[in-house]
Structures are given as structure tokens and as C-alpha cells.
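*Asks:* Provided herewith: work.pdb, PDB, C-alpha atoms.
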ATOM      1  CA  MET S   1       0.671   9.011  20.620  1.00  0.00           C
ATOM      2  CA  PHE S   2      -2.177   6.820  19.384  1.00  0.00           C
ATOM      3  CA  GLY S   3      -1.729   4.031  21.921  1.00  0.00           C
ATOM      4  CA  ASP S   4      -2.409   0.405  21.021  1.00  0.00           C
ATOM      5  CA  ILE S   5      -4.113  -0.081  17.676  1.00  0.00           C
ATOM      6  CA  ARG S   6      -5.761  -3.448  17.208  1.00  0.00           C
ATOM      7  CA  ASN S   7      -7.615  -5.000  14.317  1.00  0.00           C
ATOM      8  CA  ALA S   8     -10.952  -6.810  14.406  1.00  0.00           C
ATOM      9  CA  GLN S   9      -9.194  -9.968  15.615  1.00  0.00           C
ATOM     10  CA  GLY S  10      -7.625  -8.094  18.544  1.00  0.00           C
ATOM     11  CA  GLU S  11      -4.142  -8.243  17.021  1.00  0.00           C
ATOM     12  CA  ARG S  12      -1.864  -5.297  17.753  1.00  0.00           C
ATOM     13  CA  ILE S  13      -0.786  -3.263  14.727  1.00  0.00           C
ATOM     14  CA  ASP S  14       2.822  -2.044  14.825  1.00  0.00           C
ATOM     15  CA  TYR S  15       3.272   1.509  13.544  1.00  0.00           C
ATOM     16  CA  THR S  16       5.601   4.486  13.445  1.00  0.00           C
ATOM     17  CA  PHE S  17       4.299   8.051  13.496  1.00  0.00           C
ATOM     18  CA  GLN S  18       6.500  10.894  12.261  1.00  0.00           C
ATOM     19  CA  ALA S  19       5.178  14.395  12.942  1.00  0.00           C
ATOM     20  CA  GLY S  20       4.982  17.083  10.298  1.00  0.00           C
ATOM     21  CA  LYS S  21       3.902  20.677  10.751  1.00  0.00           C
ATOM     22  CA  SER S  22       3.170  21.608  14.331  1.00  0.00           C
ATOM     23  CA  GLY S  23      -0.534  21.362  15.021  1.00  0.00           C
ATOM     24  CA  ALA S  24      -1.405  19.893  11.626  1.00  0.00           C
ATOM     25  CA  LYS S  25      -4.335  17.469  11.729  1.00  0.00           C
ATOM     26  CA  ARG S  26      -3.703  15.585   8.525  1.00  0.00           C
ATOM     27  CA  LEU S  27      -1.316  12.751   7.799  1.00  0.00           C
ATOM     28  CA  LEU S  28      -0.341  10.190   5.197  1.00  0.00           C
ATOM     29  CA  VAL S  29      -0.783   6.528   6.117  1.00  0.00           C
ATOM     30  CA  ILE S  30       1.678   4.241   4.316  1.00  0.00           C
ATOM     31  CA  GLY S  31       1.044   0.525   3.756  1.00  0.00           C
ATOM     32  CA  HIS S  32       3.522  -2.051   2.413  1.00  0.00           C
ATOM     33  CA  GLY S  33       3.321  -4.929  -0.039  1.00  0.00           C
ATOM     34  CA  VAL S  34       3.191  -8.722   0.293  1.00  0.00           C
ATOM     35  CA  THR S  35       6.041 -10.134   2.457  1.00  0.00           C
ATOM     36  CA  GLY S  36       6.998  -6.566   3.406  1.00  0.00           C
ATOM     37  CA  ASN S  37       6.652  -4.417   6.501  1.00  0.00           C
ATOM     38  CA  LYS S  38       6.696  -0.781   7.571  1.00  0.00           C
ATOM     39  CA  ASP S  39      10.494  -0.691   7.832  1.00  0.00           C
ATOM     40  CA  ARG S  40      11.418  -1.421   4.233  1.00  0.00           C
ATOM     41  CA  PRO S  41      14.132   1.113   3.328  1.00  0.00           C
ATOM     42  CA  PHE S  42      12.201   2.974   0.635  1.00  0.00           C
ATOM     43  CA  ILE S  43       9.129   3.243   2.892  1.00  0.00           C
ATOM     44  CA  VAL S  44      11.223   4.647   5.738  1.00  0.00           C
ATOM     45  CA  ALA S  45      12.907   7.041   3.319  1.00  0.00           C
ATOM     46  CA  LEU S  46       9.534   8.208   1.984  1.00  0.00           C
ATOM     47  CA  ALA S  47       8.047   8.741   5.444  1.00  0.00           C
ATOM     48  CA  THR S  48      11.123  10.542   6.784  1.00  0.00           C
ATOM     49  CA  SER S  49      11.424  12.834   3.783  1.00  0.00           C
ATOM     50  CA  LEU S  50       7.755  13.777   3.859  1.00  0.00           C
ATOM     51  CA  ALA S  51       7.876  14.483   7.592  1.00  0.00           C
ATOM     52  CA  ALA S  52      10.884  16.739   7.015  1.00  0.00           C
ATOM     53  CA  ALA S  53       8.781  18.608   4.441  1.00  0.00           C
ATOM     54  CA  GLY S  54       6.063  19.134   7.055  1.00  0.00           C
ATOM     55  CA  ILE S  55       3.809  16.215   6.047  1.00  0.00           C
ATOM     56  CA  ALA S  56       3.058  13.897   8.974  1.00  0.00           C
ATOM     57  CA  THR S  57       3.335  10.188   8.188  1.00  0.00           C
ATOM     58  CA  PHE S  58       2.048   7.004   9.764  1.00  0.00           C
ATOM     59  CA  ARG S  59       3.597   3.806   8.414  1.00  0.00           C
ATOM     60  CA  PHE S  60       2.376   0.469   9.705  1.00  0.00           C
ATOM     61  CA  SER S  61       2.778  -3.269   9.242  1.00  0.00           C
ATOM     62  CA  PHE S  62      -0.315  -5.250   8.376  1.00  0.00           C
ATOM     63  CA  SER S  63      -1.181  -8.011  10.849  1.00  0.00           C
ATOM     64  CA  GLY S  64       1.075 -11.032  10.523  1.00  0.00           C
ATOM     65  CA  ASN S  65       3.899  -8.905   9.100  1.00  0.00           C
ATOM     66  CA  GLY S  66       6.873  -7.230  10.756  1.00  0.00           C
ATOM     67  CA  ALA S  67       6.288  -6.672  14.479  1.00  0.00           C
ATOM     68  CA  SER S  68       2.495  -6.658  14.185  1.00  0.00           C
ATOM     69  CA  GLU S  69       0.651  -9.488  15.866  1.00  0.00           C
ATOM     70  CA  GLY S  70      -1.060 -12.232  13.908  1.00  0.00           C
ATOM     71  CA  ARG S  71      -0.038 -15.070  11.598  1.00  0.00           C
ATOM     72  CA  PHE S  72       1.520 -14.450   8.212  1.00  0.00           C
ATOM     73  CA  VAL S  73      -0.614 -17.206   6.658  1.00  0.00           C
ATOM     74  CA  ASP S  74      -3.689 -15.129   7.500  1.00  0.00           C
ATOM     75  CA  SER S  75      -2.293 -12.038   5.743  1.00  0.00           C
ATOM     76  CA  ILE S  76      -4.647 -11.955   2.801  1.00  0.00           C
ATOM     77  CA  ILE S  77      -5.789  -8.906   0.874  1.00  0.00           C
ATOM     78  CA  SER S  78      -9.278  -8.890   2.378  1.00  0.00           C
ATOM     79  CA  LYS S  79      -7.920  -8.968   5.926  1.00  0.00           C
ATOM     80  CA  GLU S  80      -5.513  -6.147   5.160  1.00  0.00           C
ATOM     81  CA  VAL S  81      -8.392  -4.028   3.852  1.00  0.00           C
ATOM     82  CA  ALA S  82     -10.014  -4.540   7.249  1.00  0.00           C
ATOM     83  CA  ASP S  83      -6.716  -3.784   9.040  1.00  0.00           C
ATOM     84  CA  LEU S  84      -6.575  -0.457   7.229  1.00  0.00           C
ATOM     85  CA  GLY S  85     -10.100   0.253   8.438  1.00  0.00           C
ATOM     86  CA  SER S  86      -8.955  -0.348  12.024  1.00  0.00           C
ATOM     87  CA  VAL S  87      -6.076   2.086  11.510  1.00  0.00           C
ATOM     88  CA  LEU S  88      -8.488   4.696  10.168  1.00  0.00           C
ATOM     89  CA  ASP S  89     -10.664   4.182  13.246  1.00  0.00           C
ATOM     90  CA  ALA S  90      -7.677   5.075  15.441  1.00  0.00           C
ATOM     91  CA  LEU S  91      -6.917   8.168  13.344  1.00  0.00           C
ATOM     92  CA  ARG S  92     -10.458   9.520  13.447  1.00  0.00           C
ATOM     93  CA  ASP S  93      -9.278  12.983  14.539  1.00  0.00           C
ATOM     94  CA  TYR S  94      -7.121  13.369  11.425  1.00  0.00           C
ATOM     95  CA  GLU S  95      -7.693  14.015   7.754  1.00  0.00           C
ATOM     96  CA  VAL S  96      -6.038  10.994   6.208  1.00  0.00           C
ATOM     97  CA  GLY S  97      -4.436  10.140   2.897  1.00  0.00           C
ATOM     98  CA  TYR S  98      -3.205   6.647   2.086  1.00  0.00           C
ATOM     99  CA  ALA S  99      -0.214   5.470   0.067  1.00  0.00           C
ATOM    100  CA  GLY S 100       0.054   1.752  -0.646  1.00  0.00           C
ATOM    101  CA  HIS S 101       2.911  -0.159  -2.260  1.00  0.00           C
ATOM    102  CA  SER S 102       2.304  -3.256  -4.384  1.00  0.00           C
ATOM    103  CA  MET S 103      -0.353  -5.391  -2.644  1.00  0.00           C
ATOM    104  CA  GLY S 104      -0.837  -2.454  -0.294  1.00  0.00           C
ATOM    105  CA  GLY S 105      -1.876  -0.546  -3.405  1.00  0.00           C
ATOM    106  CA  ALA S 106      -4.678  -3.038  -4.088  1.00  0.00           C
ATOM    107  CA  VAL S 107      -5.672  -2.706  -0.431  1.00  0.00           C
ATOM    108  CA  GLY S 108      -5.851   1.070  -0.859  1.00  0.00           C
ATOM    109  CA  VAL S 109      -8.075   0.877  -3.923  1.00  0.00           C
ATOM    110  CA  LEU S 110     -10.460  -1.541  -2.223  1.00  0.00           C
ATOM    111  CA  ARG S 111     -10.635   0.556   0.957  1.00  0.00           C
ATOM    112  CA  ALA S 112     -10.869   3.954  -0.746  1.00  0.00           C
ATOM    113  CA  SER S 113     -13.661   2.724  -3.019  1.00  0.00           C
ATOM    114  CA  GLN S 114     -15.857   2.159   0.040  1.00  0.00           C
ATOM    115  CA  ASP S 115     -14.448   4.434   2.763  1.00  0.00           C
ATOM    116  CA  SER S 116     -14.742   8.213   2.493  1.00  0.00           C
ATOM    117  CA  ARG S 117     -12.251   8.692   5.319  1.00  0.00           C
ATOM    118  CA  ILE S 118      -9.448   8.306   2.768  1.00  0.00           C
ATOM    119  CA  ARG S 119      -9.228  11.808   1.329  1.00  0.00           C
ATOM    120  CA  PHE S 120      -6.219  11.276  -0.949  1.00  0.00           C
ATOM    121  CA  LEU S 121      -4.929   8.038  -2.519  1.00  0.00           C
ATOM    122  CA  ILE S 122      -1.451   7.132  -3.764  1.00  0.00           C
ATOM    123  CA  SER S 123      -0.612   3.836  -5.489  1.00  0.00           C
ATOM    124  CA  LEU S 124       3.092   2.928  -5.612  1.00  0.00           C
ATOM    125  CA  ALA S 125       3.640   0.104  -8.107  1.00  0.00           C
ATOM    126  CA  GLY S 126       0.156  -0.938  -7.102  1.00  0.00           C
ATOM    127  CA  MET S 127      -1.069  -4.470  -7.677  1.00  0.00           C
ATOM    128  CA  VAL S 128      -4.258  -4.452  -9.738  1.00  0.00           C
ATOM    129  CA  HIS S 129      -4.815  -7.944 -11.173  1.00  0.00           C
ATOM    130  CA  THR S 130      -4.577  -9.957  -7.958  1.00  0.00           C
ATOM    131  CA  ARG S 131      -5.396 -13.369  -9.371  1.00  0.00           C
ATOM    132  CA  ALA S 132      -2.898 -13.005 -12.191  1.00  0.00           C
ATOM    133  CA  PHE S 133      -0.226 -11.882  -9.720  1.00  0.00           C
ATOM    134  CA  ALA S 134      -0.761 -14.835  -7.399  1.00  0.00           C
ATOM    135  CA  GLN S 135      -0.702 -17.328 -10.258  1.00  0.00           C
ATOM    136  CA  ARG S 136       2.317 -15.736 -11.915  1.00  0.00           C
ATOM    137  CA  GLU S 137       4.433 -15.526  -8.770  1.00  0.00           C
ATOM    138  CA  PHE S 138       3.213 -18.496  -6.704  1.00  0.00           C
ATOM    139  CA  GLY S 139       1.265 -20.763  -9.040  1.00  0.00           C
ATOM    140  CA  ALA S 140       4.021 -23.386  -8.991  1.00  0.00           C
ATOM    141  CA  VAL S 141       4.204 -23.409  -5.166  1.00  0.00           C
ATOM    142  CA  GLU S 142       2.126 -25.865  -3.137  1.00  0.00           C
ATOM    143  CA  PRO S 143       0.090 -23.944  -0.525  1.00  0.00           C
ATOM    144  CA  GLY S 144       0.809 -25.206   2.956  1.00  0.00           C
ATOM    145  CA  GLN S 145       4.092 -26.726   1.790  1.00  0.00           C
ATOM    146  CA  GLY S 146       6.093 -24.016   0.064  1.00  0.00           C
ATOM    147  CA  PHE S 147       6.997 -20.385   0.560  1.00  0.00           C
ATOM    148  CA  MET S 148       6.552 -17.058  -1.191  1.00  0.00           C
ATOM    149  CA  TRP S 149       9.741 -16.390  -3.141  1.00  0.00           C
ATOM    150  CA  ASP S 150      11.454 -19.189  -1.195  1.00  0.00           C
ATOM    151  CA  ASP S 151      11.355 -17.183   2.029  1.00  0.00           C
ATOM    152  CA  PRO S 152      10.765 -19.580   4.960  1.00  0.00           C
ATOM    153  CA  GLN S 153       9.281 -16.715   6.979  1.00  0.00           C
ATOM    154  CA  CYS S 154       6.554 -16.316   4.354  1.00  0.00           C
ATOM    155  CA  PRO S 155       4.676 -19.610   3.939  1.00  0.00           C
ATOM    156  CA  LEU S 156       2.163 -19.653   1.109  1.00  0.00           C
ATOM    157  CA  SER S 157      -1.375 -20.379   2.254  1.00  0.00           C
ATOM    158  CA  LYS S 158      -4.367 -21.638   0.308  1.00  0.00           C
ATOM    159  CA  LYS S 159      -6.269 -18.810   1.996  1.00  0.00           C
ATOM    160  CA  TYR S 160      -4.026 -16.260   0.264  1.00  0.00           C
ATOM    161  CA  MET S 161      -4.387 -17.871  -3.144  1.00  0.00           C
ATOM    162  CA  ASP S 162      -8.154 -18.239  -2.802  1.00  0.00           C
ATOM    163  CA  ASP S 163      -8.605 -14.628  -1.692  1.00  0.00           C
ATOM    164  CA  ALA S 164      -6.478 -13.256  -4.533  1.00  0.00           C
ATOM    165  CA  SER S 165      -8.450 -15.391  -6.973  1.00  0.00           C
ATOM    166  CA  THR S 166     -11.817 -14.296  -5.586  1.00  0.00           C
ATOM    167  CA  ILE S 167     -10.913 -10.607  -5.823  1.00  0.00           C
ATOM    168  CA  ASP S 168      -9.416 -11.245  -9.282  1.00  0.00           C
ATOM    169  CA  THR S 169      -8.854  -7.579 -10.126  1.00  0.00           C
ATOM    170  CA  VAL S 170      -9.521  -4.172  -8.587  1.00  0.00           C
ATOM    171  CA  VAL S 171     -10.064  -2.438 -11.933  1.00  0.00           C
ATOM    172  CA  SER S 172     -13.817  -2.380 -11.362  1.00  0.00           C
ATOM    173  CA  LYS S 173     -13.301  -0.260  -8.230  1.00  0.00           C
ATOM    174  CA  ALA S 174     -11.475   2.526 -10.052  1.00  0.00           C
ATOM    175  CA  GLY S 175     -14.613   4.421 -11.008  1.00  0.00           C
ATOM    176  CA  LEU S 176     -15.763   4.449  -7.381  1.00  0.00           C
ATOM    177  CA  ILE S 177     -12.767   6.458  -6.227  1.00  0.00           C
ATOM    178  CA  LYS S 178     -13.711  10.126  -6.263  1.00  0.00           C
ATOM    179  CA  VAL S 179     -10.749  11.566  -4.339  1.00  0.00           C
ATOM    180  CA  PRO S 180      -7.462  12.839  -5.821  1.00  0.00           C
ATOM    181  CA  TRP S 181      -5.424   9.784  -6.812  1.00  0.00           C
ATOM    182  CA  PHE S 182      -1.756   9.601  -7.818  1.00  0.00           C
ATOM    183  CA  LEU S 183      -0.234   6.452  -9.324  1.00  0.00           C
ATOM    184  CA  ILE S 184       3.502   5.861  -9.781  1.00  0.00           C
ATOM    185  CA  HIS S 185       4.995   2.816 -11.484  1.00  0.00           C
ATOM    186  CA  GLY S 186       8.452   1.918 -12.778  1.00  0.00           C
ATOM    187  CA  THR S 187       8.931   0.760 -16.336  1.00  0.00           C
ATOM    188  CA  GLU S 188      11.290  -2.042 -15.221  1.00  0.00           C
ATOM    189  CA  ASP S 189       8.990  -3.527 -12.581  1.00  0.00           C
ATOM    190  CA  ASP S 190       9.242  -7.326 -12.899  1.00  0.00           C
ATOM    191  CA  VAL S 191       6.938  -8.106  -9.947  1.00  0.00           C
ATOM    192  CA  VAL S 192       3.841  -6.060 -10.745  1.00  0.00           C
ATOM    193  CA  PRO S 193       4.009  -5.107 -14.443  1.00  0.00           C
ATOM    194  CA  ILE S 194       3.367  -1.487 -15.303  1.00  0.00           C
ATOM    195  CA  GLN S 195       0.411  -2.670 -17.390  1.00  0.00           C
ATOM    196  CA  ASP S 196      -1.485  -3.095 -14.101  1.00  0.00           C
ATOM    197  CA  SER S 197      -1.357   0.662 -13.557  1.00  0.00           C
ATOM    198  CA  ASN S 198      -2.134   1.363 -17.210  1.00  0.00           C
ATOM    199  CA  ASP S 199      -5.243  -0.798 -16.957  1.00  0.00           C
ATOM    200  CA  ILE S 200      -6.634   0.844 -13.825  1.00  0.00           C
ATOM    201  CA  VAL S 201      -5.796   4.382 -14.946  1.00  0.00           C
ATOM    202  CA  ALA S 202      -7.820   3.733 -18.100  1.00  0.00           C
ATOM    203  CA  ALA S 203     -10.813   2.852 -15.901  1.00  0.00           C
ATOM    204  CA  ALA S 204     -10.331   5.704 -13.432  1.00  0.00           C
ATOM    205  CA  GLY S 205     -11.933   9.106 -13.507  1.00  0.00           C
ATOM    206  CA  PRO S 206     -10.304  12.477 -14.194  1.00  0.00           C
ATOM    207  CA  ASN S 207      -9.150  12.735 -10.575  1.00  0.00           C
ATOM    208  CA  ALA S 208      -6.409  10.148 -11.260  1.00  0.00           C
ATOM    209  CA  SER S 209      -2.935  11.052 -12.537  1.00  0.00           C
ATOM    210  CA  PHE S 210      -0.155   8.651 -13.503  1.00  0.00           C
ATOM    211  CA  LEU S 211       3.633   8.946 -13.507  1.00  0.00           C
ATOM    212  CA  GLU S 212       5.894   6.391 -15.179  1.00  0.00           C
ATOM    213  CA  LEU S 213       9.419   6.264 -13.776  1.00  0.00           C
ATOM    214  CA  GLN S 214      11.792   5.192 -16.517  1.00  0.00           C
ATOM    215  CA  GLY S 215      14.172   2.376 -15.617  1.00  0.00           C
ATOM    216  CA  CYS S 216      12.710   1.969 -12.124  1.00  0.00           C
ATOM    217  CA  ASN S 217      12.053  -1.402 -10.480  1.00  0.00           C
ATOM    218  CA  HIS S 218       9.325  -2.605  -8.129  1.00  0.00           C
ATOM    219  CA  VAL S 219      10.805  -1.145  -4.939  1.00  0.00           C
ATOM    220  CA  PHE S 220      12.142   2.093  -6.436  1.00  0.00           C
ATOM    221  CA  SER S 221      15.676   1.084  -5.434  1.00  0.00           C
ATOM    222  CA  GLY S 222      18.888   2.827  -6.416  1.00  0.00           C
ATOM    223  CA  GLU S 223      19.696   6.295  -7.618  1.00  0.00           C
ATOM    224  CA  PRO S 224      17.945   8.259  -8.899  1.00  0.00           C
ATOM    225  CA  HIS S 225      14.783   6.171  -8.508  1.00  0.00           C
ATOM    226  CA  THR S 226      14.170   6.323  -4.760  1.00  0.00           C
ATOM    227  CA  GLU S 227      14.473  10.089  -4.638  1.00  0.00           C
ATOM    228  CA  ALA S 228      12.473  10.478  -7.871  1.00  0.00           C
ATOM    229  CA  MET S 229       9.556   8.589  -6.308  1.00  0.00           C
ATOM    230  CA  ILE S 230       9.798  10.527  -3.045  1.00  0.00           C
ATOM    231  CA  ASP S 231      10.072  13.860  -4.836  1.00  0.00           C
ATOM    232  CA  ALA S 232       7.024  13.078  -6.982  1.00  0.00           C
ATOM    233  CA  VAL S 233       4.916  12.108  -3.964  1.00  0.00           C
ATOM    234  CA  ARG S 234       6.032  15.170  -2.008  1.00  0.00           C
ATOM    235  CA  LYS S 235       5.266  17.580  -4.857  1.00  0.00           C
ATOM    236  CA  TRP S 236       1.880  15.977  -5.508  1.00  0.00           C
ATOM    237  CA  LEU S 237       0.846  16.174  -1.848  1.00  0.00           C
ATOM    238  CA  LEU S 238       1.966  19.779  -1.572  1.00  0.00           C
ATOM    239  CA  ALA S 239      -0.041  20.551  -4.713  1.00  0.00           C
ATOM    240  CA  GLN S 240      -3.091  19.107  -2.908  1.00  0.00           C
ATOM    241  CA  GLY S 241      -2.602  21.658  -0.161  1.00  0.00           C
ATOM    242  CA  TRP S 242      -0.575  19.548   2.263  1.00  0.00           C
TER     243      TRP S 242
END
Please re-express this file's structure in C-alpha cells.

*Replies:*
Amino acid sequence: MFGDIRNAQGERIDYTFQAGKSGAKRLLVIGHGVTGNKDRPFIVALATSLAAAGIATFRFSFSGNGASEGRFVDSIISKEVADLGSVLDALRDYEVGYAGHSMGGAVGVLRASQDSRIRFLISLAGMVHTRAFAQREFGAVEPGQGFMWDDPQCPLSKKYMDDASTIDTVVSKAGLIKVPWFLIHGTEDDVVPIQDSNDIVAAAGPNASFLELQGCNHVFSGEPHTEAMIDAVRKWLLAQGW
């Protein structure tokens, strides 16, 4: 429907569009977290459920991830912010909301703070303190030698660590986001602690609302957590007039 979408480096972005209401010109773009892709089960479940409720969805893999072109070692936060901009360019005829999981949540905050084309923002277990995350999860790994979470398909690069360190935190961007913003985070998240969301909500304006999901992990897995996350997103979007 949208043809080839390419980023600033000319790399093709892999995506899946699921239609909602006939003739509707608004959709929710969904971005994944570090080492993820557009086909993670909970992302597919979210997109499919929303489409069934009449909300069109567009899930994509950042360059270097999944079936998108590019090298994984170049998949840093700053590049993904630019990738999202390229996606928004391709969706120029639509009113767009963005939902980002984990590192994709940090990407969403950084993009939405500077790009008025994002009309609604959703953070799903969103990463906020990027430097702390990188040091906590990968500080003992030698860049260029080791892997993220011991996954040989996900080599750790110095570029990733440097970028996460330079950004440090996205808390300072919270006050720049003037659109409706919904944050969801599980209390049992051991990858991105729920304190990340608490910190950015405290710095956000009155347009932000926050839902804690008791007993839920980083990827909203298991019953009733997956459906609880999906149901919350669906109800919030419908309340925004979707």
C-alpha cells in the first residue's frame, strides 16, 4: 500500500499494515525495542486486536532489525529516531500516533518532542534512562567482541554504547511533548525498571497519564498481562476519538 519505505541511508524498512475502519485516515505506528522486531508476539497481538477494533496499525522493524535492511551494529537510538522520521514521511497522508516498546519508547519521546506529526504518543515499558540501561545490561560486555544478552545475532557495538551514553536520559524531553501521552509499565519489569516511567511522568505535563500493570513483566507476556495491555491501549485510543 505504501510501497518501499527507505531511511536516510537508503535502507528498506520492513513493515506490516493492518487496516482499520474503511476510509479512515489515521493509524497507529508501532515500534519495537532493542534486539526486537515488528513480529514479536505481543506486538502482533496488539496490532491485530486494534485493527479488529477499527484502529489501523503500522508495525515496522527499525533498520538492522528483523527483515529491514541495514546492519544491527548501526541500530542505535539516534538512528532509530531518524528511521521513525522516514516512516512518518511515507505516511504523510495520515494522522499518526506512535506506540513504542522499551527502546522504541525512548525513540518515541525523542521524535515526538521535535516532530508535530506524532499526534498521540504511547510508551510501553519505555526506556527513559538510556545510559543507565546500557551500563546495567551491557556494561560487562566488550563492544565489538560480545553480544547483547548473549545473542550472536545481536553484537554489541561501541557506537550503541556511546549513543546511549550521549543521550543519557530522555526525561528532559518530557515537557516538550504537548500531545496526549499514555504510558504503561509492569511492576515486575526486570529490563527497564518501572522507576523509568515514574521519573518521566513526574516531568511530563498534564497531557500524560500512567498505568501500572501489577505483576507484569517487560514484554507483557502471559495471562492476563498481554490482554490487559492491549485492552488499556485500545480503550485509551478510543477515548481519544479513534

*Asks:* Which residues are near Asp89 of chain S? Cut-off 12 Å, only C-alpha atoms, ignore same chain within fewer than 3 positions. Put them as a PyMOL selection string.

*Replies:* chain S and resi 2+4-8+82-86+92-96+115+117-118

*Asks:* Pull C-alpha atoms from the residues just selected and write them as a compact mmCIF listing (two decimals), in the frame of the given file.

*Replies:*
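Contents of again.txt, freshly written:
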# COMPACT_ATOMS: atom_id res chain seq x y z
CA PHE S 2 -2.18 6.82 19.38
CA ASP S 4 -2.41 0.40 21.02
CA ILE S 5 -4.11 -0.08 17.68
CA ARG S 6 -5.76 -3.45 17.21
CA ASN S 7 -7.62 -5.00 14.32
CA ALA S 8 -10.95 -6.81 14.41
CA ALA S 82 -10.01 -4.54 7.25
CA ASP S 83 -6.72 -3.78 9.04
CA LEU S 84 -6.58 -0.46 7.23
CA GLY S 85 -10.10 0.25 8.44
CA SER S 86 -8.96 -0.35 12.02
CA ARG S 92 -10.46 9.52 13.45
CA ASP S 93 -9.28 12.98 14.54
CA TYR S 94 -7.12 13.37 11.42
CA GLU S 95 -7.69 14.02 7.75
CA VAL S 96 -6.04 10.99 6.21
CA ASP S 115 -14.45 4.43 2.76
CA ARG S 117 -12.25 8.69 5.32
CA ILE S 118 -9.45 8.31 2.77

*Asks:* So the first atom is atom CA of Leu27 of chain S and the second is atom CA of Ala56 of chain S; what is the distance between them in Å, to one decimal place?

*Replies:*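 Separation of atom CA of Leu27 of chain S and atom CA of Ala56 of chain S: 4.7 Å.
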
*Asks:* On this structure, the PyMOL selection byres ((chain S and resi 68) around 10) would catch which residues? List them as a PyMOL selection string, sorted by chain and number.

*Replies:* chain S and resi 5-6+11-15+37-38+60-67+69-72

*Asks:* Go ahead and dump the residues you just picked, C-alpha atoms, as a PDB file, in the frame of the given file.

*Replies:*
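The result, stored in part.pdb:
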ATOM      1  CA  ILE S   5      -4.113  -0.081  17.676  1.00  0.00           C
ATOM      2  CA  ARG S   6      -5.761  -3.448  17.208  1.00  0.00           C
ATOM      3  CA  GLU S  11      -4.142  -8.243  17.021  1.00  0.00           C
ATOM      4  CA  ARG S  12      -1.864  -5.297  17.753  1.00  0.00           C
ATOM      5  CA  ILE S  13      -0.786  -3.263  14.727  1.00  0.00           C
ATOM      6  CA  ASP S  14       2.822  -2.044  14.825  1.00  0.00           C
ATOM      7  CA  TYR S  15       3.272   1.509  13.544  1.00  0.00           C
ATOM      8  CA  ASN S  37       6.652  -4.417   6.501  1.00  0.00           C
ATOM      9  CA  LYS S  38       6.696  -0.781   7.571  1.00  0.00           C
ATOM     10  CA  PHE S  60       2.376   0.469   9.705  1.00  0.00           C
ATOM     11  CA  SER S  61       2.778  -3.269   9.242  1.00  0.00           C
ATOM     12  CA  PHE S  62      -0.315  -5.250   8.376  1.00  0.00           C
ATOM     13  CA  SER S  63      -1.181  -8.011  10.849  1.00  0.00           C
ATOM     14  CA  GLY S  64       1.075 -11.032  10.523  1.00  0.00           C
ATOM     15  CA  ASN S  65       3.899  -8.905   9.100  1.00  0.00           C
ATOM     16  CA  GLY S  66       6.873  -7.230  10.756  1.00  0.00           C
ATOM     17  CA  ALA S  67       6.288  -6.672  14.479  1.00  0.00           C
ATOM     18  CA  GLU S  69       0.651  -9.488  15.866  1.00  0.00           C
ATOM     19  CA  GLY S  70      -1.060 -12.232  13.908  1.00  0.00           C
ATOM     20  CA  ARG S  71      -0.038 -15.070  11.598  1.00  0.00           C
ATOM     21  CA  PHE S  72       1.520 -14.450   8.212  1.00  0.00           C
TER      22      PHE S  72
END

*Asks:* To one decimal place, how far is atom CA of Ala134 of chain S from atom CA of Val179 of chain S in Å?

*Replies:*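 Those two atoms sit 28.4 Å apart.
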
*Asks:* Excluding segment 140-154 of chain S and residues on its chain fewer than 4 positions from it, collect all residues at most 9 Å away from it, counting all atoms listed in the file, and give them as a PyMOL selection string.

*Replies:* chain S and resi 35+72-73+135-136+158-161

*Asks:* Looking at only C-alpha atoms, which of S:His225, S:Lys79, S:Arg131, S:Lys235 is the one that sits closest to Phe182 of chain S?

*Replies:*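 The closest residue to Phe182 of chain S is S:Lys235.
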
*Asks:* Using the chain letters and numbers from the file, which residues does the PyMOL selection byres ((chain S and resi 102) around 10) grab, as a list of chain:residue names?

*Replies:*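 Selection result, ordered by chain and number: S:Gly31, S:His32, S:Gly33, S:Val34, S:Gly36, S:Gly100, S:His101, S:Met103, S:Gly104, S:Gly105, S:Ala106, S:Val107, S:Gly108, S:Ser123, S:Leu124, S:Ala125, S:Gly126, S:Met127, S:Val128, S:His185, S:Val191, S:Val192, S:His218, S:Val219.
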